[in-house]
file target23.txt (compact mmCIF, C-alpha atoms)
# COMPACT_ATOMS: atom_id res chain seq x y z
CA MET Y 1 -72.46 -87.36 40.14
CA VAL Y 2 -75.08 -85.91 37.81
CA SER Y 3 -75.18 -86.92 34.15
CA LYS Y 4 -76.97 -85.62 31.07
CA THR Y 5 -78.51 -88.23 28.78
CA LEU Y 6 -78.86 -87.47 25.07
CA ALA Y 7 -81.18 -89.13 22.53
CA ARG Y 8 -81.78 -92.84 22.95
CA GLY Y 9 -78.63 -94.84 22.25
CA MET Y 10 -76.25 -91.86 22.19
CA GLY Y 11 -74.97 -92.14 25.76
CA THR Y 12 -74.39 -89.55 28.49
CA PHE Y 13 -71.95 -86.80 29.38
CA PHE Y 14 -71.17 -85.60 32.92
CA LYS Y 15 -68.64 -84.08 35.31
CA ASP Y 16 -67.15 -85.98 38.25
CA CYS Y 17 -67.20 -83.06 40.64
CA GLU Y 18 -69.28 -81.45 43.38
CA HIS Y 19 -70.67 -78.70 41.19
CA PRO Y 20 -74.32 -78.88 40.06
CA ARG Y 21 -75.15 -79.14 36.36
CA SER Y 22 -76.00 -75.44 36.23
CA ARG Y 23 -72.35 -74.64 37.06
CA TRP Y 24 -70.65 -77.10 34.66
CA SER Y 25 -69.98 -74.44 32.03
CA LYS Y 26 -68.01 -72.37 34.56
CA CYS Y 27 -66.23 -74.94 36.70
CA PRO Y 28 -62.68 -76.05 35.65
CA HIS Y 29 -63.29 -79.80 35.73
CA LEU Y 30 -63.27 -81.78 32.46
CA TYR Y 31 -66.28 -83.48 30.95
CA LYS Y 32 -66.59 -87.24 30.69
CA VAL Y 33 -68.74 -89.35 28.35
CA ARG Y 34 -70.19 -92.81 28.75
CA TYR Y 35 -71.65 -94.95 25.95
CA ARG Y 36 -71.95 -98.52 24.71
CA ASP Y 37 -69.72 -99.58 21.84
CA GLY Y 38 -70.69 -101.71 18.86
CA ALA Y 39 -70.28 -104.88 20.94
CA GLY Y 40 -72.57 -103.54 23.68
CA LYS Y 41 -69.74 -102.95 26.17
CA GLN Y 42 -69.92 -99.80 28.29
CA VAL Y 43 -67.10 -97.35 27.62
CA GLU Y 44 -66.11 -94.23 29.54
CA GLU Y 45 -63.88 -91.47 28.20
CA SER Y 46 -62.68 -88.21 29.74
CA GLY Y 47 -60.71 -85.11 28.78
CA PHE Y 48 -63.37 -82.98 27.09
CA VAL Y 49 -62.99 -79.29 27.89
CA THR Y 50 -66.42 -78.15 26.75
CA GLN Y 51 -69.90 -79.61 26.66
CA ASP Y 52 -69.92 -79.28 22.86
CA GLU Y 53 -66.79 -81.46 22.61
CA ALA Y 54 -68.38 -84.16 24.76
CA ILE Y 55 -71.60 -84.10 22.72
CA GLN Y 56 -69.63 -84.22 19.46
CA ARG Y 57 -67.75 -87.31 20.64
CA LEU Y 58 -71.01 -89.07 21.53
CA THR Y 59 -72.49 -88.04 18.17
CA ASP Y 60 -69.47 -89.42 16.28
CA VAL Y 61 -69.68 -92.73 18.12
CA TYR Y 62 -73.43 -92.97 17.51
CA ASN Y 63 -73.08 -92.26 13.78
CA ALA Y 64 -70.27 -94.81 13.48
CA LYS Y 65 -72.45 -97.48 15.10
CA LYS Y 66 -75.33 -96.67 12.76
CA ALA Y 67 -73.05 -96.96 9.73
CA ALA Y 68 -71.47 -100.22 10.90
CA PRO Y 69 -74.11 -102.57 9.38
CA HIS Y 70 -73.69 -100.85 6.01
CA GLY Y 71 -69.92 -101.12 6.34
CA ARG Y 72 -70.14 -104.81 7.19
CA ALA Y 73 -72.44 -105.45 4.24
CA LYS Y 74 -70.02 -103.69 1.89
CA ALA Y 75 -67.09 -105.62 3.33
CA GLU Y 76 -68.96 -108.87 2.72
CA ARG Y 77 -69.70 -107.90 -0.89
CA VAL Y 78 -66.09 -106.93 -1.50
CA ALA Y 79 -64.86 -110.21 0.02
CA LYS Y 80 -67.29 -112.28 -2.08
CA TYR Y 81 -67.16 -110.58 -5.45
CA GLY Y 82 -63.65 -109.18 -5.25
CA ALA Y 83 -62.24 -112.69 -4.99
CA MET Y 84 -64.26 -113.91 -7.99
CA ARG Y 85 -62.50 -114.66 -11.25
CA PHE Y 86 -63.58 -112.43 -14.13
CA GLY Y 87 -65.08 -115.38 -16.02
CA GLU Y 88 -67.37 -116.27 -13.12
CA TYR Y 89 -68.39 -112.66 -12.50
CA ALA Y 90 -69.04 -112.05 -16.22
CA ALA Y 91 -71.31 -115.13 -16.29
CA GLU Y 92 -73.35 -113.77 -13.36
CA TRP Y 93 -73.51 -110.33 -14.98
CA LYS Y 94 -74.66 -111.81 -18.29
CA ALA Y 95 -77.45 -113.74 -16.54
CA GLY Y 96 -78.82 -110.42 -15.35
CA GLN Y 97 -79.05 -108.96 -18.86
CA ARG Y 98 -82.59 -110.23 -19.37
CA ASP Y 99 -83.60 -107.49 -21.78
CA LEU Y 100 -81.13 -108.50 -24.49
CA ALA Y 101 -82.54 -109.69 -27.81
CA PRO Y 102 -81.22 -113.03 -29.16
CA ALA Y 103 -78.97 -111.28 -31.68
CA SER Y 104 -77.49 -109.13 -28.90
CA VAL Y 105 -76.90 -112.22 -26.74
CA ARG Y 106 -75.12 -113.88 -29.65
CA HIS Y 107 -72.93 -110.80 -30.14
CA LEU Y 108 -72.12 -110.68 -26.41
CA ASP Y 109 -71.20 -114.39 -26.37
CA SER Y 110 -68.86 -113.84 -29.32
CA LEU Y 111 -67.08 -110.94 -27.63
CA LEU Y 112 -66.70 -112.90 -24.41
CA GLU Y 113 -65.47 -116.05 -26.13
CA HIS Y 114 -62.98 -114.47 -28.52
CA HIS Y 115 -61.73 -111.38 -26.70
CA LEU Y 116 -62.67 -110.85 -23.05
CA LEU Y 117 -62.30 -114.34 -21.59
CA PRO Y 118 -59.03 -115.33 -23.34
CA ALA Y 119 -57.38 -112.22 -21.91
CA LEU Y 120 -59.10 -111.81 -18.53
CA GLU Y 121 -60.96 -114.98 -17.50
CA SER Y 122 -58.69 -116.00 -14.59
CA ARG Y 123 -58.05 -112.51 -13.20
CA ARG Y 124 -59.63 -111.73 -9.84
CA MET Y 125 -62.13 -108.89 -9.93
CA SER Y 126 -60.43 -106.94 -7.13
CA THR Y 127 -57.22 -106.60 -9.19
CA PHE Y 128 -58.69 -104.52 -12.04
CA ASP Y 129 -57.51 -100.95 -12.45
CA HIS Y 130 -56.95 -98.55 -15.36
CA LYS Y 131 -53.61 -100.20 -16.19
CA VAL Y 132 -55.23 -103.61 -16.60
CA VAL Y 133 -57.98 -102.17 -18.83
CA ASP Y 134 -55.45 -100.28 -20.94
CA GLY Y 135 -53.38 -103.47 -21.27
CA PHE Y 136 -56.47 -105.31 -22.53
CA ILE Y 137 -56.97 -102.68 -25.26
CA ARG Y 138 -53.32 -102.96 -26.30
CA THR Y 139 -53.65 -106.75 -26.46
CA MET Y 140 -56.54 -106.42 -28.91
CA GLU Y 141 -54.44 -104.01 -30.99
CA ARG Y 142 -51.54 -106.48 -31.10
CA ASN Y 143 -53.91 -109.27 -32.10
CA GLY Y 144 -55.15 -107.23 -35.06
CA ALA Y 145 -58.76 -106.82 -33.88
CA GLY Y 146 -60.67 -104.25 -35.91
CA LEU Y 147 -61.58 -100.94 -34.33
CA ALA Y 148 -65.29 -101.79 -34.30
CA THR Y 149 -64.53 -105.04 -32.42
CA GLN Y 150 -62.18 -103.25 -30.04
CA SER Y 151 -64.86 -100.66 -29.28
CA ASN Y 152 -67.56 -103.28 -28.69
CA ALA Y 153 -65.32 -105.42 -26.47
CA PHE Y 154 -64.29 -102.36 -24.45
CA ASP Y 155 -67.94 -101.36 -23.99
CA LYS Y 156 -68.78 -104.80 -22.57
CA LEU Y 157 -65.77 -104.76 -20.23
CA LYS Y 158 -66.78 -101.26 -19.17
CA ALA Y 159 -70.32 -102.40 -18.34
CA ILE Y 160 -69.03 -105.33 -16.26
CA LEU Y 161 -66.48 -103.27 -14.32
CA LEU Y 162 -68.96 -100.45 -13.64
CA ASP Y 163 -71.34 -103.07 -12.25
CA ALA Y 164 -68.54 -104.24 -9.92
CA HIS Y 165 -67.75 -100.63 -9.02
CA ARG Y 166 -71.36 -100.09 -7.93
CA LEU Y 167 -71.01 -103.09 -5.60
CA GLY Y 168 -68.11 -101.31 -3.92
CA ILE Y 169 -65.30 -103.58 -5.10
CA TYR Y 170 -63.26 -100.55 -6.18
CA ASP Y 171 -62.76 -97.30 -4.29
CA ASP Y 172 -61.82 -95.60 -7.57
CA ASN Y 173 -63.37 -96.17 -10.97
CA PRO Y 174 -61.04 -98.68 -12.74
CA LEU Y 175 -61.88 -97.01 -16.07
CA GLU Y 176 -60.80 -93.53 -14.99
CA GLY Y 177 -58.18 -92.18 -17.36
CA VAL Y 178 -58.47 -95.03 -19.89
CA LYS Y 179 -58.54 -93.90 -23.51
CA PRO Y 180 -61.17 -96.07 -25.27
CA PRO Y 181 -60.63 -97.43 -28.80
CA GLN Y 182 -61.30 -94.70 -31.33
CA TYR Y 183 -63.86 -96.21 -33.66
CA ASP Y 184 -65.23 -93.81 -36.27
CA PRO Y 185 -67.67 -95.69 -38.54
CA THR Y 186 -67.78 -94.62 -42.13
CA ARG Y 187 -70.82 -92.74 -43.30
CA ALA Y 188 -73.65 -94.81 -44.72
CA VAL Y 189 -74.06 -94.51 -48.48
CA ILE Y 190 -77.58 -94.27 -49.91
CA PRO Y 191 -77.78 -95.78 -53.42
CA SER Y 192 -78.85 -93.52 -56.23
CA VAL Y 193 -81.95 -94.21 -58.33
CA ALA Y 194 -79.76 -95.67 -61.09
CA GLN Y 195 -77.96 -97.93 -58.61
CA LEU Y 196 -81.30 -99.01 -57.12
CA ARG Y 197 -82.53 -100.04 -60.58
CA GLN Y 198 -79.44 -102.23 -60.95
CA ILE Y 199 -79.96 -103.73 -57.50
CA ARG Y 200 -83.49 -104.72 -58.44
CA THR Y 201 -82.21 -106.77 -61.37
CA ALA Y 202 -79.53 -108.55 -59.35
CA GLY Y 203 -81.71 -111.26 -57.83
CA ASP Y 204 -84.92 -113.25 -57.99
CA ASP Y 205 -88.46 -112.15 -57.20
CA THR Y 206 -87.91 -112.52 -53.45
CA PHE Y 207 -84.85 -110.29 -53.57
CA LEU Y 208 -86.79 -107.76 -55.66
CA LEU Y 209 -89.60 -107.70 -53.08
CA PHE Y 210 -87.10 -107.12 -50.25
CA ALA Y 211 -85.41 -104.32 -52.21
CA ASP Y 212 -88.75 -102.62 -52.89
CA LEU Y 213 -89.89 -102.86 -49.27
CA MET Y 214 -86.60 -101.56 -47.89
CA SER Y 215 -86.19 -98.72 -50.40
CA GLY Y 216 -89.84 -97.77 -50.81
CA CYS Y 217 -91.07 -98.30 -47.23
CA GLY Y 218 -87.89 -97.72 -45.21
CA MET Y 219 -87.92 -101.18 -43.64
CA ARG Y 220 -85.01 -103.06 -42.16
CA ASN Y 221 -84.30 -106.47 -43.66
CA GLY Y 222 -85.87 -108.31 -40.70
CA GLU Y 223 -88.98 -106.15 -40.92
CA ALA Y 224 -89.28 -106.78 -44.66
CA ALA Y 225 -89.09 -110.54 -44.01
CA ALA Y 226 -92.10 -110.29 -41.67
CA VAL Y 227 -94.43 -108.39 -44.03
CA ASN Y 228 -98.01 -109.69 -44.23
CA LEU Y 229 -101.31 -108.51 -45.70
CA ASN Y 230 -103.00 -108.04 -42.32
CA ASN Y 231 -100.81 -105.04 -41.49
CA ILE Y 232 -101.75 -103.00 -44.56
CA VAL Y 233 -103.88 -100.16 -43.14
CA ALA Y 234 -104.18 -98.09 -46.36
CA ASP Y 235 -103.03 -98.25 -49.97
CA ASP Y 236 -99.74 -96.57 -49.09
CA VAL Y 237 -99.52 -97.17 -45.31
CA TYR Y 238 -98.15 -100.29 -43.63
CA ARG Y 239 -98.02 -100.91 -39.86
CA ILE Y 240 -94.75 -102.65 -38.88
CA THR Y 241 -95.43 -104.73 -35.77
CA GLU Y 242 -92.74 -107.44 -35.83
CA GLN Y 243 -89.60 -108.64 -37.50
CA VAL Y 244 -87.87 -111.92 -38.26
CA ASN Y 245 -84.91 -112.42 -35.95
CA GLN Y 246 -81.80 -113.18 -37.99
CA THR Y 247 -80.41 -115.38 -35.23
CA THR Y 248 -83.42 -117.57 -34.44
CA GLY Y 249 -85.37 -117.26 -37.71
CA GLN Y 250 -88.48 -116.66 -35.60
CA TYR Y 251 -90.88 -113.73 -35.46
CA GLY Y 252 -90.18 -111.29 -32.63
CA ARG Y 253 -90.74 -107.75 -31.39
CA LEU Y 254 -89.24 -104.80 -33.20
CA LYS Y 255 -85.68 -103.92 -32.34
CA HIS Y 256 -85.37 -101.42 -29.47
CA ARG Y 257 -89.12 -101.48 -28.88
CA LYS Y 258 -91.46 -103.09 -26.37
CA VAL Y 259 -93.86 -105.89 -27.21
CA GLY Y 260 -96.95 -104.37 -28.84
CA ASP Y 261 -95.18 -101.25 -30.14
CA TYR Y 262 -95.26 -100.61 -33.86
CA LYS Y 263 -93.99 -98.26 -36.55
CA THR Y 264 -96.00 -96.78 -39.38
CA SER Y 265 -94.44 -96.87 -42.83
CA HIS Y 266 -95.64 -94.64 -45.65
CA CYS Y 267 -94.60 -96.51 -48.75
CA SER Y 268 -93.66 -94.70 -51.92
CA HIS Y 269 -93.36 -95.91 -55.51
CA GLU Y 270 -90.80 -94.87 -58.07
call {"tool": "encode", "arguments": {"input": "target23.txt", "output": "structure tokens"}}
result
Amino acid sequence: MVSKTLARGMGTFFKDCEHPRSRWSKCPHLYKVRYRDGAGKQVEESGFVTQDEAIQRLTDVYNAKKAAPHGRAKAERVAKYGAMRFGEYAAEWKAGQRDLAPASVRHLDSLLEHHLLPALESRRMSTFDHKVVDGFIRTMERNGAGLATQSNAFDKLKAILLDAHRLGIYDDNPLEGVKPPQYDPTRAVIPSVAQLRQIRTAGDDTFLLFADLMSGCGMRNGEAAAVNLNNIVADDVYRITEQVNQTTGQYGRLKHRKVGDYKTSHCSHE
């Protein structure tokens, strides 16, 4: 018996007949294949009419063995995280959100405490689908949560479930087909000059300073609270490098910017 060996680890194909290899394509005997399975045991199969069919079978087996470690790893992830309760998974997910500012962490904690955990804390992660997500939205509606809160809570649930989806817990996206809360914020109203004059008489000197900095220099309230003389780079130019965090009361980086980034404000006077 003469056999033909393919690439390392793929196995061999052969014919159990008296014909030489050069005659295999013309003789009527069927091809056989021999390979080692995932457990290392030698396996022999027969019944392949053509050489291409035998090679294809060996290729399929080889590819399946190569994919097996990935499949096992995914199965282990699904077994571990799929069985987790939502509360435990959400805590792990939150620990990974290291780029959140203190105010954002506070907002996330509030949404978890008052909306996500009361409704979903004990549910196992593997049981989420679009019906469960839609039911959560309806629960918020029944409880009278505002549209802004509904939208924020849905966004956080979406982020958590998409993280689980990337781990392979769900074959299908559990958010597919879900209609999110329709939050349409009202348009911001810019006060007129007359209204601004009234605002400037509504408080003490500190309030007046804040009003002037915000209206004349385009600062946020936290940025106005952090103003200092060292950042004045010209008579009408101020370099905004930090802000006072409303949650901690401490100086910190600008919102949505990296440490060391700054904004330049060209201040105007009425």
call {"tool": "atom_distance", "arguments": {"input": "target23.txt", "atom1": "atom CA of Y:His130", "atom2": "atom CA of Y:Gly177"}}
result
6.8 Å
call {"tool": "atom_distance", "arguments": {"input": "target23.txt", "atom1": "atom CA of Y:Lys156", "atom2": "atom CA of Y:Tyr251"}}
result
27.1 Å
call {"tool": "closest_residue", "arguments": {"input": "target23.txt", "among": "Y:Ala95, Y:Ile55, Y:Val105, Y:Cys27", "to": "Y:Thr248", "atoms": "all atoms listed in the file"}}
result
Y:Val105
call {"tool": "residues_near_point", "arguments": {"input": "target23.txt", "point": "(-68.7, -91.9, 17.3)", "cutoff": "12 Å", "atoms": "all atoms listed in the file", "output": "number ranges by chain"}}
result
Y: 9-11, 33-38, 43, 45, 53-68
call {"tool": "residues_around", "arguments": {"input": "target23.txt", "residues": "Y:Gln243", "least_positions_apart": "3", "cutoff": "12 Å", "atoms": "all atoms listed in the file", "output": "PDB file with C-alpha atoms, in the coordinates of the input"}}
result
ATOM      1  CA  MET Y 219     -87.920-101.180 -43.640  1.00  0.00           C
ATOM      2  CA  ARG Y 220     -85.010-103.060 -42.160  1.00  0.00           C
ATOM      3  CA  ASN Y 221     -84.300-106.470 -43.660  1.00  0.00           C
ATOM      4  CA  GLY Y 222     -85.870-108.310 -40.700  1.00  0.00           C
ATOM      5  CA  GLU Y 223     -88.980-106.150 -40.920  1.00  0.00           C
ATOM      6  CA  ALA Y 224     -89.280-106.780 -44.660  1.00  0.00           C
ATOM      7  CA  ALA Y 225     -89.090-110.540 -44.010  1.00  0.00           C
ATOM      8  CA  ALA Y 226     -92.100-110.290 -41.670  1.00  0.00           C
ATOM      9  CA  VAL Y 227     -94.430-108.390 -44.030  1.00  0.00           C
ATOM     10  CA  ASN Y 228     -98.010-109.690 -44.230  1.00  0.00           C
ATOM     11  CA  ARG Y 239     -98.020-100.910 -39.860  1.00  0.00           C
ATOM     12  CA  ILE Y 240     -94.750-102.650 -38.880  1.00  0.00           C
ATOM     13  CA  GLN Y 246     -81.800-113.180 -37.990  1.00  0.00           C
ATOM     14  CA  THR Y 247     -80.410-115.380 -35.230  1.00  0.00           C
ATOM     15  CA  THR Y 248     -83.420-117.570 -34.440  1.00  0.00           C
ATOM     16  CA  GLY Y 249     -85.370-117.260 -37.710  1.00  0.00           C
ATOM     17  CA  GLN Y 250     -88.480-116.660 -35.600  1.00  0.00           C
ATOM     18  CA  TYR Y 251     -90.880-113.730 -35.460  1.00  0.00           C
ATOM     19  CA  GLY Y 252     -90.180-111.290 -32.630  1.00  0.00           C
ATOM     20  CA  ARG Y 253     -90.740-107.750 -31.390  1.00  0.00           C
ATOM     21  CA  LEU Y 254     -89.240-104.800 -33.200  1.00  0.00           C
ATOM     22  CA  LYS Y 255     -85.680-103.920 -32.340  1.00  0.00           C
ATOM     23  CA  HIS Y 256     -85.370-101.420 -29.470  1.00  0.00           C
ATOM     24  CA  ARG Y 257     -89.120-101.480 -28.880  1.00  0.00           C
ATOM     25  CA  VAL Y 259     -93.860-105.890 -27.210  1.00  0.00           C
ATOM     26  CA  ASP Y 261     -95.180-101.250 -30.140  1.00  0.00           C
ATOM     27  CA  TYR Y 262     -95.260-100.610 -33.860  1.00  0.00           C
ATOM     28  CA  LYS Y 263     -93.990 -98.260 -36.550  1.00  0.00           C
TER      29      LYS Y 263
END
call {"tool": "closest_residue", "arguments": {"input": "target23.txt", "among": "Y:Ala194, Y:Ala90, Y:Leu209, Y:Cys217", "to": "Y:Lys158", "atoms": "all atoms listed in the file"}}
result
Y:Ala90
call {"tool": "residues_around", "arguments": {"input": "target23.txt", "residues": "Y:Ala83", "least_positions_apart": "5", "cutoff": "7 Å", "atoms": "only C-alpha atoms", "output": "list in words"}}
result
Arg124, Met125 and Ser126 of chain Y
call {"tool": "residues_around", "arguments": {"input": "target23.txt", "residues": "Y:Lys179", "least_positions_apart": "6", "cutoff": "10 Å", "atoms": "all atoms listed in the file", "output": "list in words"}}
result
His130, Val133, Asp134 and Ile137 of chain Y
call {"tool": "residues_around", "arguments": {"input": "target23.txt", "residues": "stretch 160-173 of chain Y", "least_positions_apart": "3", "cutoff": "9 Å", "atoms": "only C-alpha atoms", "output": "list in words"}}
result
Lys74, Ala75, Arg77, Val78, Ala79, Tyr81, Gly82, Tyr89, Ala90, Trp93, Lys94, Met125, Ser126, Phe128, Asp129, His130, Asp155, Lys156, Leu157 and Glu176 of chain Y
call {"tool": "write_last_selection", "arguments": {"input": "target23.txt", "atoms": "C-alpha atoms", "output": "compact mmCIF listing (two decimals), in the coordinates of the input"}}
result
# COMPACT_ATOMS: atom_id res chain seq x y z
CA LYS Y 74 -70.02 -103.69 1.89
CA ALA Y 75 -67.09 -105.62 3.33
CA ARG Y 77 -69.70 -107.90 -0.89
CA VAL Y 78 -66.09 -106.93 -1.50
CA ALA Y 79 -64.86 -110.21 0.02
CA TYR Y 81 -67.16 -110.58 -5.45
CA GLY Y 82 -63.65 -109.18 -5.25
CA TYR Y 89 -68.39 -112.66 -12.50
CA ALA Y 90 -69.04 -112.05 -16.22
CA TRP Y 93 -73.51 -110.33 -14.98
CA LYS Y 94 -74.66 -111.81 -18.29
CA MET Y 125 -62.13 -108.89 -9.93
CA SER Y 126 -60.43 -106.94 -7.13
CA PHE Y 128 -58.69 -104.52 -12.04
CA ASP Y 129 -57.51 -100.95 -12.45
CA HIS Y 130 -56.95 -98.55 -15.36
CA ASP Y 155 -67.94 -101.36 -23.99
CA LYS Y 156 -68.78 -104.80 -22.57
CA LEU Y 157 -65.77 -104.76 -20.23
CA GLU Y 176 -60.80 -93.53 -14.99
call {"tool": "atom_distance", "arguments": {"input": "target23.txt", "atom1": "atom CA of Y:Gly40", "atom2": "atom CA of Y:Trp24"}}
result
28.7 Å
call {"tool": "closest_residue", "arguments": {"input": "target23.txt", "among": "Y:Asn230, Y:Gln97, Y:Asn152, Y:Gln198", "to": "Y:Leu116", "atoms": "all atoms listed in the file"}}
result
Y:Asn152
call {"tool": "residues_around", "arguments": {"input": "target23.txt", "residues": "stretch 183-190 of chain Y", "least_positions_apart": "6", "cutoff": "7 Å", "atoms": "all atoms listed in the file", "output": "JSON, numbers by chain"}}
result
{"Y": [147, 148, 151]}
call {"tool": "closest_residue", "arguments": {"input": "target23.txt", "among": "Y:Arg98, Y:Phe86, Y:Leu213, Y:Thr127", "to": "Y:Leu112", "atoms": "only C-alpha atoms"}}
result
Y:Phe86
call {"tool": "closest_residue", "arguments": {"input": "target23.txt", "among": "Y:Thr139, Y:Gln195, Y:Thr206, Y:Gln51", "to": "Y:Pro181", "atoms": "only C-alpha atoms"}}
result
Y:Thr139
